[in-house]
Structures are given as C-alpha cells and as structure tokens.
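Worksheet: the structure to be examined is printed underneath.
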Amino acid sequence: MMFDEALRALGSLRERTDFVPEIAIVLGSGLGGAVALDETVCTIGYGELGLPSATVHGHRGAMSFGRMCGKDVVVLQGRIHCYEGHPSSEAVLPVRVAALSGAKTFVLTNAAGGIAESLDCGDIMAITDHICLAPNPLIGPNDDKFGPRFPDMTEPYDPSLIDKAFASAKRCGIELKKGVYIQFTGPSFETAAEVRMARVMGADAVGMSTAIETIALRHIGAKVLGLSFISNKACGLAGKPLSHEDVNRESERVVGKMSALLRAVVGDM
Ligand code: HPA
C-alpha cells in the first residue's frame with residue numbers, strides 16, 4: 001500500500017538526515033534550475049528512497065534539503081508522472097514523503113499551456129483552483145493516519161498563500177496572473193478540441209502534474225501554493241505544433257523570473 005511505501009521511504013530518508021523542512025518546493029519541467037539553496041544539507045535521489053526514478057528529460061528525480069532565504073526547505077527536483085506508467089497514488093509519493101518529513105507548506109511549480117487569452121508565454125499564474133482529469137491519487141484503501149476518506153476540496157490552493165504570493169511578486173516587480181489549472185494525464189498533448197472543452201469548463205492553463213499532488217497534500221493536511229509557468233499557448237491556439245523541447249526551452253529561458261519569485265515567496269512566508 002502506498003502509505004506504507006511512503007513510510008518506508010521516510011525511514012530511508014531518516015537514515016541519511018534528520019533535517020526537518022518547513023517548506024517544500026516542487027520544480028516542474030525545465031524549472032530544475034529555479035532554486036539554488038543558500039546552504040545544502042543533503043541531496044538524495046528518489047531511487048535511494050525506493051521511489052520510482054523520474055524518467056523524463058528536464059526532471060532530475062532528487063530531493064535537496066537545506067536553507068533558503070532563512071527558511072528550512074526541501075526542494076523536489078523532478079516529478080513522477082502518471083504517463084510514465086505509474087498510478088496517481090505512486091506519482092504523489094515524493095510529495096507525501098516530503099510532507100511526512102515535516103513540510104507543512106508546499107509550493108508546487110509546473111510548466112503549463114496557456115488556455116486563457118490573457119495568458120502569454122513566459123507568464124506565471126497562481127493557481128486558484130483545479131480540474132483533475134487524471135485518476136485521483138486517493139483511489140484505493142484509505143489510511144486514516146494520513147487523512148480522511150473524503151477530504152474537502154473547497155479551497156485546495158490556500159487563499160492566504162495566494163494573497164502573499166501577489167504581495168511578494170509586487171514587491172519584486174513581477175507580474176503574477178491567476179487562474180484555474182486543468183490536469184490531463186498526457187503524455188500526448190491535448191487536441192485543439194480538448195483545449196476548447198477545457199476552456200468551456202473554466203480552465204485557464206493545462207498541464208500533466210499538479211492537481212494530483214494538491215489532492216494528496218490536502219488529504220495529509222499540508223497547505224499548497226501552485227505556480228504555473230506558461231511555457232506555450234495550448235494546442236490549437238498558437239498555430240504551430242507543440243513539443244516537449246519547446247516547453248523546456250521556454251522554461252529555461254525565463255527560469256530567472258520563477259527563481260526570483262520563489263525566493264521572494266519563500267522569504268516572505
Ligand atoms: N499541455 C499539457 N502540459 C503542458 C503543456 C501543454 O500545453 N505545456 C507544458 N506542459
């Protein structure tokens with residue numbers, strides 16, 4: 001059962017470090033370089049914790065514990081995705097382990113396709129809510145030690161963290177937008193018709209990762225701030241085909257902006 005796997009991974013982690021982070025930061029596609037810790041205490045590969053290794057280019061698959069802007073943090077470089085063949089419950093293991101190690105607040109970043117006309121390439125969007133079209137990560141037996149069978153999802157993205165993120169962004173002169181994130185499983189990008197459907201449903205940006213992590217984290221009682229970096233216009237809106245390389249290239253091009261925002265947000269927490 002996935003809860004046992006998370007506890008086993010925590011056990012392996014505790015053999016390496018007794019560091020207790022307050023904040024966890026998850027770095028999405030092409031955003032691996034968005035955080036440089038001021039002081040690194042310990043870096044551990046997912047494989048060393050018995051977690052599936054990340055296989056996607058742009059995702060390293062390691063947790064780094066250390067200090068950043070005066071806070072004790074863990075940075076998760078890389079994700080495990082459903083489209084790599086893992087059930088959602090397994091894809092959320094890294095964030096569950098980070099939560100079990102002590103992190104109470106999570107900053108989840110991702111690269112996403114912009115659906116709303118107001119979102120341009122290079123924009124950062126604070127996620128206000130999500131639509132999850134990927135399988136729910138809580139499917140399967142529930143362990144009440146982690147959270148309730150039917151967790152509430154009224155405000156999955158913490159409104160006070162969103163307000164704080166806007167204040168931090170303003171302080172460092174970064175424009176922050178807001179909107180609803182929709183998760184498809186991938187790995188094929190959406191069709192133009194699916195993007196039109198997503199828009200009608202109320203989605204502003206589309207990706208393949210973050211909603212399932214937020215569900216698992218709300219289940220366990222952690223607070224979530226979601227930041228989508230708009231790496232491309234969603235399929236059918238740009239007039240040209242999409243590629244993962246384009247996503248990574250655009251993410252890497254403006255990684256400095258996400259980096260500045262993350263430092264400001266974490267420092268102000
Ligand atoms: N669709 C899905 N996931 C993505 C996209 C997209 O357009 N861009 C970056 N991740």
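We name chains A, B, ... following the order of the structure tokens; residues begin at 1 in each chain, and ligands are numbered from 1 as shown.
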- Determine which residues of stretch 80-243 of chain A receive a DSSP assignment of strand (DSSP E or B), computed from the backbone, and state them as a PyMOL selection string. chain A and resi 105-114+124-132+176-183+205-207+223-233
Those residues with C-alpha atoms, as a PDB file, in the first residue's frame please?
```pdb
ATOM      1  CA  THR A 105       3.607  24.288   3.194  1.00  0.00           C
ATOM      2  CA  PHE A 106       4.177  23.310  -0.439  1.00  0.00           C
ATOM      3  CA  VAL A 107       4.983  25.474  -3.419  1.00  0.00           C
ATOM      4  CA  LEU A 108       4.152  23.396  -6.494  1.00  0.00           C
ATOM      5  CA  THR A 109       5.519  24.737  -9.776  1.00  0.00           C
ATOM      6  CA  ASN A 110       4.844  23.423 -13.251  1.00  0.00           C
ATOM      7  CA  ALA A 111       5.104  24.292 -16.907  1.00  0.00           C
ATOM      8  CA  ALA A 112       1.656  24.636 -18.424  1.00  0.00           C
ATOM      9  CA  GLY A 113      -0.046  25.540 -21.657  1.00  0.00           C
ATOM     10  CA  GLY A 114      -1.998  28.791 -21.620  1.00  0.00           C
ATOM     11  CA  ILE A 124       3.411  32.988 -14.202  1.00  0.00           C
ATOM     12  CA  MET A 125      -0.088  32.091 -12.992  1.00  0.00           C
ATOM     13  CA  ALA A 126      -1.035  31.498  -9.368  1.00  0.00           C
ATOM     14  CA  ILE A 127      -3.407  28.531  -9.376  1.00  0.00           C
ATOM     15  CA  THR A 128      -6.713  29.409  -7.722  1.00  0.00           C
ATOM     16  CA  ASP A 129      -8.414  26.038  -8.281  1.00  0.00           C
ATOM     17  CA  HIS A 130      -8.094  22.959 -10.437  1.00  0.00           C
ATOM     18  CA  ILE A 131      -9.973  20.448 -12.548  1.00  0.00           C
ATOM     19  CA  CYS A 132      -8.437  16.989 -12.259  1.00  0.00           C
ATOM     20  CA  LEU A 176       1.582  37.474 -11.440  1.00  0.00           C
ATOM     21  CA  LYS A 177      -1.669  36.284 -13.019  1.00  0.00           C
ATOM     22  CA  LYS A 178      -4.240  33.895 -11.590  1.00  0.00           C
ATOM     23  CA  GLY A 179      -6.428  31.137 -12.921  1.00  0.00           C
ATOM     24  CA  VAL A 180      -7.706  27.572 -12.919  1.00  0.00           C
ATOM     25  CA  TYR A 181      -5.374  24.672 -13.793  1.00  0.00           C
ATOM     26  CA  ILE A 182      -6.631  21.570 -15.543  1.00  0.00           C
ATOM     27  CA  GLN A 183      -4.686  18.301 -15.432  1.00  0.00           C
ATOM     28  CA  ALA A 205      -3.964  26.633 -18.109  1.00  0.00           C
ATOM     29  CA  VAL A 206      -3.309  22.959 -18.825  1.00  0.00           C
ATOM     30  CA  GLY A 207      -0.658  20.577 -17.535  1.00  0.00           C
ATOM     31  CA  LYS A 223      -1.069  23.917   2.577  1.00  0.00           C
ATOM     32  CA  VAL A 224      -0.488  24.409  -1.145  1.00  0.00           C
ATOM     33  CA  LEU A 225       0.546  27.322  -3.337  1.00  0.00           C
ATOM     34  CA  GLY A 226       0.517  26.426  -7.052  1.00  0.00           C
ATOM     35  CA  LEU A 227       2.506  28.422  -9.606  1.00  0.00           C
ATOM     36  CA  SER A 228       2.152  27.628 -13.310  1.00  0.00           C
ATOM     37  CA  PHE A 229       4.749  28.910 -15.666  1.00  0.00           C
ATOM     38  CA  ILE A 230       3.129  29.377 -19.093  1.00  0.00           C
ATOM     39  CA  SER A 231       5.613  27.771 -21.487  1.00  0.00           C
ATOM     40  CA  ASN A 232       3.353  27.764 -24.545  1.00  0.00           C
ATOM     41  CA  LYS A 233      -0.101  28.573 -25.815  1.00  0.00           C
TER      42      LYS A 233
END
```
Counting only C-alpha atoms, what is within 12 Å of A:Gly32, bar same-chain residues fewer than 3 positions away, as a PDB file with N, CA, C and O atoms, in the first residue's frame?
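Output below, filename part-v2.pdb:
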```
ATOM      1  N   ILE A  25       9.391  22.757  -2.004  1.00  0.00           N
ATOM      2  CA  ILE A  25       9.228  23.389  -3.319  1.00  0.00           C
ATOM      3  C   ILE A  25       9.383  22.293  -4.367  1.00  0.00           C
ATOM      4  O   ILE A  25      10.386  21.578  -4.363  1.00  0.00           O
ATOM      5  N   VAL A  26       8.394  22.142  -5.221  1.00  0.00           N
ATOM      6  CA  VAL A  26       8.481  21.150  -6.295  1.00  0.00           C
ATOM      7  C   VAL A  26       8.740  21.892  -7.607  1.00  0.00           C
ATOM      8  O   VAL A  26       7.995  22.814  -7.953  1.00  0.00           O
ATOM      9  N   LEU A  27       9.812  21.488  -8.294  1.00  0.00           N
ATOM     10  CA  LEU A  27      10.192  22.178  -9.533  1.00  0.00           C
ATOM     11  C   LEU A  27       9.722  21.379 -10.741  1.00  0.00           C
ATOM     12  O   LEU A  27      10.016  20.194 -10.864  1.00  0.00           O
ATOM     13  N   GLY A  28       9.005  22.045 -11.627  1.00  0.00           N
ATOM     14  CA  GLY A  28       8.434  21.370 -12.790  1.00  0.00           C
ATOM     15  C   GLY A  28       9.370  21.356 -13.985  1.00  0.00           C
ATOM     16  O   GLY A  28      10.543  21.738 -13.884  1.00  0.00           O
ATOM     17  N   SER A  29       8.852  20.928 -15.120  1.00  0.00           N
ATOM     18  CA  SER A  29       9.621  20.765 -16.364  1.00  0.00           C
ATOM     19  C   SER A  29      10.442  21.996 -16.700  1.00  0.00           C
ATOM     20  O   SER A  29       9.903  23.102 -16.811  1.00  0.00           O
ATOM     21  N   VAL A  35      15.815  27.011  -8.359  1.00  0.00           N
ATOM     22  CA  VAL A  35      16.160  27.218  -6.952  1.00  0.00           C
ATOM     23  C   VAL A  35      17.607  26.819  -6.706  1.00  0.00           C
ATOM     24  O   VAL A  35      18.012  25.707  -7.025  1.00  0.00           O
ATOM     25  N   ALA A  36      18.384  27.752  -6.162  1.00  0.00           N
ATOM     26  CA  ALA A  36      19.705  27.406  -5.641  1.00  0.00           C
ATOM     27  C   ALA A  36      19.612  27.596  -4.133  1.00  0.00           C
ATOM     28  O   ALA A  36      19.316  28.698  -3.668  1.00  0.00           O
ATOM     29  N   HIS A  57      13.092  13.857 -19.505  1.00  0.00           N
ATOM     30  CA  HIS A  57      14.119  14.885 -19.644  1.00  0.00           C
ATOM     31  C   HIS A  57      13.608  16.190 -19.031  1.00  0.00           C
ATOM     32  O   HIS A  57      12.477  16.591 -19.266  1.00  0.00           O
ATOM     33  N   GLY A  58      14.455  16.829 -18.234  1.00  0.00           N
ATOM     34  CA  GLY A  58      14.033  18.063 -17.562  1.00  0.00           C
ATOM     35  C   GLY A  58      13.580  17.782 -16.135  1.00  0.00           C
ATOM     36  O   GLY A  58      13.218  18.704 -15.406  1.00  0.00           O
ATOM     37  N   HIS A  59      13.595  16.501 -15.743  1.00  0.00           N
ATOM     38  CA  HIS A  59      13.211  16.113 -14.381  1.00  0.00           C
ATOM     39  C   HIS A  59      14.313  15.243 -13.783  1.00  0.00           C
ATOM     40  O   HIS A  59      14.552  14.134 -14.241  1.00  0.00           O
ATOM     41  N   ARG A  60      14.952  15.739 -12.712  1.00  0.00           N
ATOM     42  CA  ARG A  60      16.131  15.049 -12.201  1.00  0.00           C
ATOM     43  C   ARG A  60      15.796  13.890 -11.255  1.00  0.00           C
ATOM     44  O   ARG A  60      16.469  12.855 -11.275  1.00  0.00           O
ATOM     45  N   GLY A  61      14.789  14.059 -10.421  1.00  0.00           N
ATOM     46  CA  GLY A  61      14.425  12.982  -9.508  1.00  0.00           C
ATOM     47  C   GLY A  61      15.264  12.936  -8.252  1.00  0.00           C
ATOM     48  O   GLY A  61      15.854  11.914  -7.925  1.00  0.00           O
ATOM     49  N   ALA A  62      15.332  14.061  -7.531  1.00  0.00           N
ATOM     50  CA  ALA A  62      16.097  14.110  -6.283  1.00  0.00           C
ATOM     51  C   ALA A  62      15.485  15.138  -5.336  1.00  0.00           C
ATOM     52  O   ALA A  62      14.812  16.080  -5.771  1.00  0.00           O
ATOM     53  N   MET A  63      15.709  14.904  -4.030  1.00  0.00           N
ATOM     54  CA  MET A  63      15.279  15.862  -3.007  1.00  0.00           C
ATOM     55  C   MET A  63      16.517  16.491  -2.390  1.00  0.00           C
ATOM     56  O   MET A  63      17.425  15.771  -1.985  1.00  0.00           O
ATOM     57  N   SER A  64      16.524  17.825  -2.300  1.00  0.00           N
ATOM     58  CA  SER A  64      17.631  18.516  -1.639  1.00  0.00           C
ATOM     59  C   SER A  64      17.102  19.255  -0.420  1.00  0.00           C
ATOM     60  O   SER A  64      16.159  20.047  -0.528  1.00  0.00           O
ATOM     61  N   VAL A  75      13.744  20.856  -1.581  1.00  0.00           N
ATOM     62  CA  VAL A  75      13.433  21.115  -2.981  1.00  0.00           C
ATOM     63  C   VAL A  75      13.322  19.783  -3.700  1.00  0.00           C
ATOM     64  O   VAL A  75      14.238  18.963  -3.647  1.00  0.00           O
ATOM     65  N   LEU A  76      12.190  19.539  -4.328  1.00  0.00           N
ATOM     66  CA  LEU A  76      11.993  18.313  -5.106  1.00  0.00           C
ATOM     67  C   LEU A  76      12.241  18.654  -6.567  1.00  0.00           C
ATOM     68  O   LEU A  76      11.485  19.415  -7.166  1.00  0.00           O
ATOM     69  N   GLN A  77      13.351  18.132  -7.074  1.00  0.00           N
ATOM     70  CA  GLN A  77      13.686  18.374  -8.478  1.00  0.00           C
ATOM     71  C   GLN A  77      13.166  17.221  -9.287  1.00  0.00           C
ATOM     72  O   GLN A  77      13.744  16.140  -9.279  1.00  0.00           O
ATOM     73  N   GLY A  78      12.074  17.452  -9.942  1.00  0.00           N
ATOM     74  CA  GLY A  78      11.543  16.412 -10.812  1.00  0.00           C
ATOM     75  C   GLY A  78      10.375  15.680 -10.204  1.00  0.00           C
ATOM     76  O   GLY A  78      10.206  15.613  -8.984  1.00  0.00           O
ATOM     77  N   ARG A  79       9.574  15.176 -11.070  1.00  0.00           N
ATOM     78  CA  ARG A  79       8.337  14.525 -10.679  1.00  0.00           C
ATOM     79  C   ARG A  79       8.256  13.139 -11.270  1.00  0.00           C
ATOM     80  O   ARG A  79       8.920  12.819 -12.244  1.00  0.00           O
ATOM     81  N   THR A 109       5.366  24.016  -8.508  1.00  0.00           N
ATOM     82  CA  THR A 109       5.519  24.737  -9.776  1.00  0.00           C
ATOM     83  C   THR A 109       5.352  23.756 -10.932  1.00  0.00           C
ATOM     84  O   THR A 109       5.587  22.555 -10.781  1.00  0.00           O
ATOM     85  N   ASN A 110       4.946  24.260 -12.054  1.00  0.00           N
ATOM     86  CA  ASN A 110       4.844  23.423 -13.251  1.00  0.00           C
ATOM     87  C   ASN A 110       4.956  24.293 -14.489  1.00  0.00           C
ATOM     88  O   ASN A 110       4.819  25.510 -14.413  1.00  0.00           O
ATOM     89  N   ALA A 111       5.244  23.639 -15.606  1.00  0.00           N
ATOM     90  CA  ALA A 111       5.104  24.292 -16.907  1.00  0.00           C
ATOM     91  C   ALA A 111       3.708  23.939 -17.394  1.00  0.00           C
ATOM     92  O   ALA A 111       3.245  22.815 -17.189  1.00  0.00           O
ATOM     93  N   ASN A 248      10.570  22.890 -22.509  1.00  0.00           N
ATOM     94  CA  ASN A 248      11.783  23.023 -21.697  1.00  0.00           C
ATOM     95  C   ASN A 248      12.561  24.284 -22.058  1.00  0.00           C
ATOM     96  O   ASN A 248      13.059  24.986 -21.183  1.00  0.00           O
ATOM     97  N   SER A 251      10.860  27.287 -20.626  1.00  0.00           N
ATOM     98  CA  SER A 251      11.003  27.296 -19.166  1.00  0.00           C
ATOM     99  C   SER A 251      12.396  27.763 -18.789  1.00  0.00           C
ATOM    100  O   SER A 251      12.566  28.600 -17.900  1.00  0.00           O
ATOM    101  N   GLU A 252      13.397  27.219 -19.496  1.00  0.00           N
ATOM    102  CA  GLU A 252      14.782  27.565 -19.158  1.00  0.00           C
ATOM    103  C   GLU A 252      15.080  29.031 -19.484  1.00  0.00           C
ATOM    104  O   GLU A 252      15.853  29.681 -18.798  1.00  0.00           O
ATOM    105  N   VAL A 254      13.125  31.617 -19.176  1.00  0.00           N
ATOM    106  CA  VAL A 254      12.656  32.582 -18.176  1.00  0.00           C
ATOM    107  C   VAL A 254      12.729  32.006 -16.764  1.00  0.00           C
ATOM    108  O   VAL A 254      11.997  32.431 -15.878  1.00  0.00           O
ATOM    109  N   VAL A 255      13.641  31.058 -16.574  1.00  0.00           N
ATOM    110  CA  VAL A 255      13.764  30.438 -15.262  1.00  0.00           C
ATOM    111  C   VAL A 255      14.138  31.482 -14.198  1.00  0.00           C
ATOM    112  O   VAL A 255      13.750  31.364 -13.040  1.00  0.00           O
ATOM    113  N   GLY A 256      14.819  32.541 -14.628  1.00  0.00           N
ATOM    114  CA  GLY A 256      15.240  33.589 -13.694  1.00  0.00           C
ATOM    115  C   GLY A 256      14.055  34.263 -13.020  1.00  0.00           C
ATOM    116  O   GLY A 256      14.108  34.594 -11.837  1.00  0.00           O
ATOM    117  N   MET A 258      11.012  32.883 -12.447  1.00  0.00           N
ATOM    118  CA  MET A 258      10.455  31.956 -11.463  1.00  0.00           C
ATOM    119  C   MET A 258      11.362  31.884 -10.246  1.00  0.00           C
ATOM    120  O   MET A 258      10.902  31.835  -9.106  1.00  0.00           O
ATOM    121  N   SER A 259      12.670  31.909 -10.486  1.00  0.00           N
ATOM    122  CA  SER A 259      13.645  31.850  -9.420  1.00  0.00           C
ATOM    123  C   SER A 259      13.478  33.049  -8.469  1.00  0.00           C
ATOM    124  O   SER A 259      13.437  32.897  -7.247  1.00  0.00           O
TER     125      SER A 259
END
```
- as a PyMOL selection string, please: all residues of stretch 177-255 of chain A that backbone DSSP puts in helix (DSSP H, G or I). chain A and resi 192-201+210-220+244-253+255
Limited to N, CA and C atoms, could you put the picked residues into a file as a CSV table (one decimal), in the first residue's frame?
```csv
chain,number,residue,atom,x,y,z
A,192,ALA,N,-6.9,20.2,-30.1
A,192,ALA,CA,-7.5,21.5,-30.1
A,192,ALA,C,-8.9,21.4,-29.6
A,193,ALA,N,-9.6,20.3,-29.9
A,193,ALA,CA,-11.0,20.2,-29.4
A,193,ALA,C,-11.0,20.0,-27.8
A,194,GLU,N,-10.0,19.3,-27.3
A,194,GLU,CA,-9.9,19.1,-25.8
A,194,GLU,C,-9.6,20.5,-25.2
A,195,VAL,N,-8.8,21.3,-25.8
A,195,VAL,CA,-8.5,22.6,-25.3
A,195,VAL,C,-9.7,23.5,-25.3
A,196,ARG,N,-10.5,23.4,-26.4
A,196,ARG,CA,-11.8,24.2,-26.4
A,196,ARG,C,-12.7,23.7,-25.3
A,197,MET,N,-12.7,22.3,-25.1
A,197,MET,CA,-13.6,21.8,-24.0
A,197,MET,C,-13.1,22.3,-22.6
A,198,ALA,N,-11.8,22.3,-22.4
A,198,ALA,CA,-11.2,22.8,-21.2
A,198,ALA,C,-11.5,24.2,-20.9
A,199,ARG,N,-11.5,25.0,-22.0
A,199,ARG,CA,-11.9,26.4,-21.8
A,199,ARG,C,-13.3,26.6,-21.4
A,200,VAL,N,-14.2,25.8,-22.0
A,200,VAL,CA,-15.6,25.9,-21.7
A,200,VAL,C,-15.8,25.5,-20.2
A,201,MET,N,-15.0,24.5,-19.8
A,201,MET,CA,-15.1,24.0,-18.4
A,201,MET,C,-14.6,25.0,-17.4
A,210,THR,N,0.1,18.7,-11.5
A,210,THR,CA,0.0,19.3,-10.2
A,210,THR,C,-1.3,19.0,-9.4
A,211,ALA,N,-2.4,18.8,-10.1
A,211,ALA,CA,-3.7,18.6,-9.4
A,211,ALA,C,-3.6,17.4,-8.5
A,212,ILE,N,-3.0,16.3,-9.0
A,212,ILE,CA,-3.0,15.1,-8.1
A,212,ILE,C,-2.1,15.3,-6.9
A,213,GLU,N,-1.1,16.1,-7.0
A,213,GLU,CA,-0.2,16.4,-5.9
A,213,GLU,C,-1.0,17.2,-4.8
A,214,THR,N,-1.7,18.2,-5.3
A,214,THR,CA,-2.5,19.0,-4.4
A,214,THR,C,-3.5,18.2,-3.7
A,215,ILE,N,-4.2,17.2,-4.4
A,215,ILE,CA,-5.2,16.4,-3.7
A,215,ILE,C,-4.5,15.6,-2.6
A,216,ALA,N,-3.3,15.0,-2.9
A,216,ALA,CA,-2.7,14.2,-1.9
A,216,ALA,C,-2.2,15.1,-0.7
A,217,LEU,N,-1.8,16.3,-1.0
A,217,LEU,CA,-1.3,17.2,0.1
A,217,LEU,C,-2.4,17.7,0.9
A,218,ARG,N,-3.6,18.0,0.3
A,218,ARG,CA,-4.7,18.5,1.1
A,218,ARG,C,-5.2,17.3,2.0
A,219,HIS,N,-5.1,16.1,1.5
A,219,HIS,CA,-5.5,14.9,2.2
A,219,HIS,C,-4.7,14.8,3.5
A,220,ILE,N,-3.4,15.1,3.4
A,220,ILE,CA,-2.5,14.9,4.5
A,220,ILE,C,-2.5,16.2,5.4
A,244,HIS,N,7.9,18.9,-26.4
A,244,HIS,CA,8.4,18.9,-25.1
A,244,HIS,C,9.7,19.8,-25.0
A,245,GLU,N,10.4,19.8,-26.1
A,245,GLU,CA,11.7,20.6,-26.2
A,245,GLU,C,11.3,22.1,-26.1
A,246,ASP,N,10.2,22.5,-26.8
A,246,ASP,CA,9.8,23.9,-26.8
A,246,ASP,C,9.4,24.2,-25.3
A,247,VAL,N,8.7,23.3,-24.6
A,247,VAL,CA,8.3,23.6,-23.3
A,247,VAL,C,9.6,23.8,-22.4
A,248,ASN,N,10.6,22.9,-22.5
A,248,ASN,CA,11.8,23.0,-21.7
A,248,ASN,C,12.6,24.3,-22.1
A,249,ARG,N,12.6,24.6,-23.4
A,249,ARG,CA,13.4,25.7,-23.8
A,249,ARG,C,12.8,27.0,-23.2
A,250,GLU,N,11.5,27.1,-23.3
A,250,GLU,CA,10.8,28.3,-22.9
A,250,GLU,C,11.0,28.4,-21.3
A,251,SER,N,10.9,27.3,-20.6
A,251,SER,CA,11.0,27.3,-19.2
A,251,SER,C,12.4,27.8,-18.8
A,252,GLU,N,13.4,27.2,-19.5
A,252,GLU,CA,14.8,27.6,-19.2
A,252,GLU,C,15.1,29.0,-19.5
A,253,ARG,N,14.4,29.5,-20.5
A,253,ARG,CA,14.6,30.9,-20.9
A,253,ARG,C,14.2,31.9,-19.8
A,255,VAL,N,13.6,31.1,-16.6
A,255,VAL,CA,13.8,30.4,-15.3
A,255,VAL,C,14.1,31.5,-14.2
```
- Query: Which one is closest to A:Val97: A:Ala238, A:Asp143, A:Val74, A:Phe150? Count only C-alpha atoms.
  - Reply: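 When distances to A:Val97 are compared using only C-alpha atoms, the smallest one comes from A:Val74.
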- Between A:Arg263, A:Arg149, A:Lys170, A:Lys240, single out the one closest to A:Arg67, counting only C-alpha atoms. A:Arg263
- Which is closest to A:Ile139 among A:Leu100, A:Met2, A:Gly33, A:Leu7, if we use only C-alpha atoms?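 Comparing A:Leu100, A:Met2, A:Gly33, A:Leu7 against A:Ile139, the winner is A:Met2.
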